[in-house]
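Working notes, structure below.
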Amino acid sequence: MRNPIIPIIILSLFLLGCSEQEFRSKYGQEIRQEVKDVVKEAVKEVLVSNEMIKIEKSSNAIGTCTLANYKCMDFVVNKNSITLQLENTQESNLVITDYLVSDCSSATSNPKVGNYQMFRFDSCNNGDVGSTFDQDIKFIVGGEVVNGHLVGGEMVTGHIKSTIS
């Protein structure tokens with residue numbers, strides 16, 4: 001969607017019959033804030049689209065996603081993948097180092113945008129479209145597993161129940 005800010009500014013200048021300097025002194029701060037907001041949203045969209053992780057659900061998708069220590073902001077369970085959007089209020093990105101999610105064979109995370117971060121578990125066998133996915137999930141962010149023990153990371157546990165789309 002194209003932002004109509006430039007034509008609005010030109011039209012406003014014309015309608016107000018004021019000089020550029022008068023216009024800047026009256027409306028400069030508001031325009032700067034609007035431009036900042038537009039740029040922030042554009043950068044967010046670019047980051048999400050570059051990672052090719054977008055949550056797209058069918059309109060009839062319902063379910064629950066509960067996680068210990070993190071808020072599950074959005075999620076979708078597809079036949080071959082699970083995508084989670086978590087609230088990440090930490091200073092740095094969360095990186096998945098190990099996981100036990102369905103029978104998925106790969107996991108990726110994209111850089112956080114604002115206080116949100118997306119995780120995707122791929123090559124899963126979640127069941128048929130329209131059936132119900134109802135499973136516990138576990139994944140580790142940061143650290144590593146040494147001799148069966150977590151060193152320097154955090155175990156995230158939870159449960160997802162959703163119609164598979």
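By order of appearance in the structure tokens: chains A, B, ..., then residues from 1 within every chain, and ligands from 1 in the order shown.
Near Gly153 in chain A, within a cut-off of 7 Å and counting only C-alpha atoms, sit the residues Ile140, Val141, Gly142, Gly143 and Glu144 of chain A, with same-chain residues fewer than 5 positions away left out.
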- Message: Could you pull out the helix (DSSP H, G or I) residues of range 20-165 of chain A, going by DSSP on the backbone, and write them as a PyMOL selection string?
- Response: chain A and resi 20-50
Could those residues be written to a file, using C-alpha atoms, as a PDB file, in the first residue's frame?
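What ended up in part_16.pdb:
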```
ATOM      1  CA  GLU A  20       7.438  26.304   2.943  1.00  0.00           C
ATOM      2  CA  GLN A  21       8.999  27.899   6.030  1.00  0.00           C
ATOM      3  CA  GLU A  22       5.603  28.646   7.576  1.00  0.00           C
ATOM      4  CA  PHE A  23       4.461  25.127   6.803  1.00  0.00           C
ATOM      5  CA  ARG A  24       7.579  23.571   8.351  1.00  0.00           C
ATOM      6  CA  SER A  25       7.233  25.618  11.517  1.00  0.00           C
ATOM      7  CA  LYS A  26       3.555  24.671  11.917  1.00  0.00           C
ATOM      8  CA  TYR A  27       3.564  21.030  10.818  1.00  0.00           C
ATOM      9  CA  GLY A  28       7.217  19.886  10.708  1.00  0.00           C
ATOM     10  CA  GLN A  29       7.179  17.802  13.904  1.00  0.00           C
ATOM     11  CA  GLU A  30       3.964  15.996  12.973  1.00  0.00           C
ATOM     12  CA  ILE A  31       5.279  15.180   9.501  1.00  0.00           C
ATOM     13  CA  ARG A  32       8.569  13.899  10.923  1.00  0.00           C
ATOM     14  CA  GLN A  33       6.679  11.625  13.311  1.00  0.00           C
ATOM     15  CA  GLU A  34       4.459  10.337  10.502  1.00  0.00           C
ATOM     16  CA  VAL A  35       7.500   9.623   8.324  1.00  0.00           C
ATOM     17  CA  LYS A  36       9.197   7.811  11.246  1.00  0.00           C
ATOM     18  CA  ASP A  37       6.091   5.670  11.760  1.00  0.00           C
ATOM     19  CA  VAL A  38       5.886   4.817   8.047  1.00  0.00           C
ATOM     20  CA  VAL A  39       9.596   3.928   7.885  1.00  0.00           C
ATOM     21  CA  LYS A  40       9.363   1.820  11.057  1.00  0.00           C
ATOM     22  CA  GLU A  41       6.454  -0.173   9.618  1.00  0.00           C
ATOM     23  CA  ALA A  42       8.218  -0.557   6.254  1.00  0.00           C
ATOM     24  CA  VAL A  43      11.386  -1.855   7.935  1.00  0.00           C
ATOM     25  CA  LYS A  44       9.303  -4.305   9.966  1.00  0.00           C
ATOM     26  CA  GLU A  45       7.625  -5.629   6.812  1.00  0.00           C
ATOM     27  CA  VAL A  46      10.963  -5.974   5.008  1.00  0.00           C
ATOM     28  CA  LEU A  47      12.533  -7.890   7.905  1.00  0.00           C
ATOM     29  CA  VAL A  48       9.597 -10.267   8.155  1.00  0.00           C
ATOM     30  CA  SER A  49       9.335 -10.787   4.388  1.00  0.00           C
ATOM     31  CA  ASN A  50      13.107 -11.287   3.994  1.00  0.00           C
TER      32      ASN A  50
END
```
- Task: Would you mind reading off the distance between CA of Arg120 in chain A and CA of Asn147 in chain A, one decimal, in Å?
- Result: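 If I compute the distance from CA of Arg120 in chain A to CA of Asn147 in chain A, I get 26.2 Å.
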- Query: Any idea what's packed within 7 Å of range 106-119 of chain A, counting only C-alpha atoms, ignoring anything in its chain fewer than 4 positions away? Could you give it as a PyMOL selection string?
  - Reply: chain A and resi 44+51+83-89+93+95-96+123
- Within range 23-159 of chain A, find each residue whose DSSP state, derived from the backbone, is strand (DSSP E), and express the selection as number ranges by chain. A: 63-67, 72-77, 81-87, 96-101, 106-109, 116-122, 132-146, 149-159
- Task: Calculate how many Å separate CA of Thr64 in chain A from CA of Ser81 in chain A, rounding to one decimal.
- Result: 16.2 Å
- Task: Have a look at CA of Phe75 in chain A and CA of Ser131 in chain A and let me know their distance in Å, one decimal.
- Result: 16.2 Å
- Message: Can you pull out the residues contacting Val101 in chain A? Cut-off 10 Å, using only C-alpha atoms, and skip same-chain residues under 6 positions away; I want them as a list in words.
- Response: Ser81, Ile82, Ala107, Phe121, Asp122, Cys124, Asn126, Gln135, Asp136, Ile137, Lys138, Phe139, Thr157, His159 and Ile160 of chain A
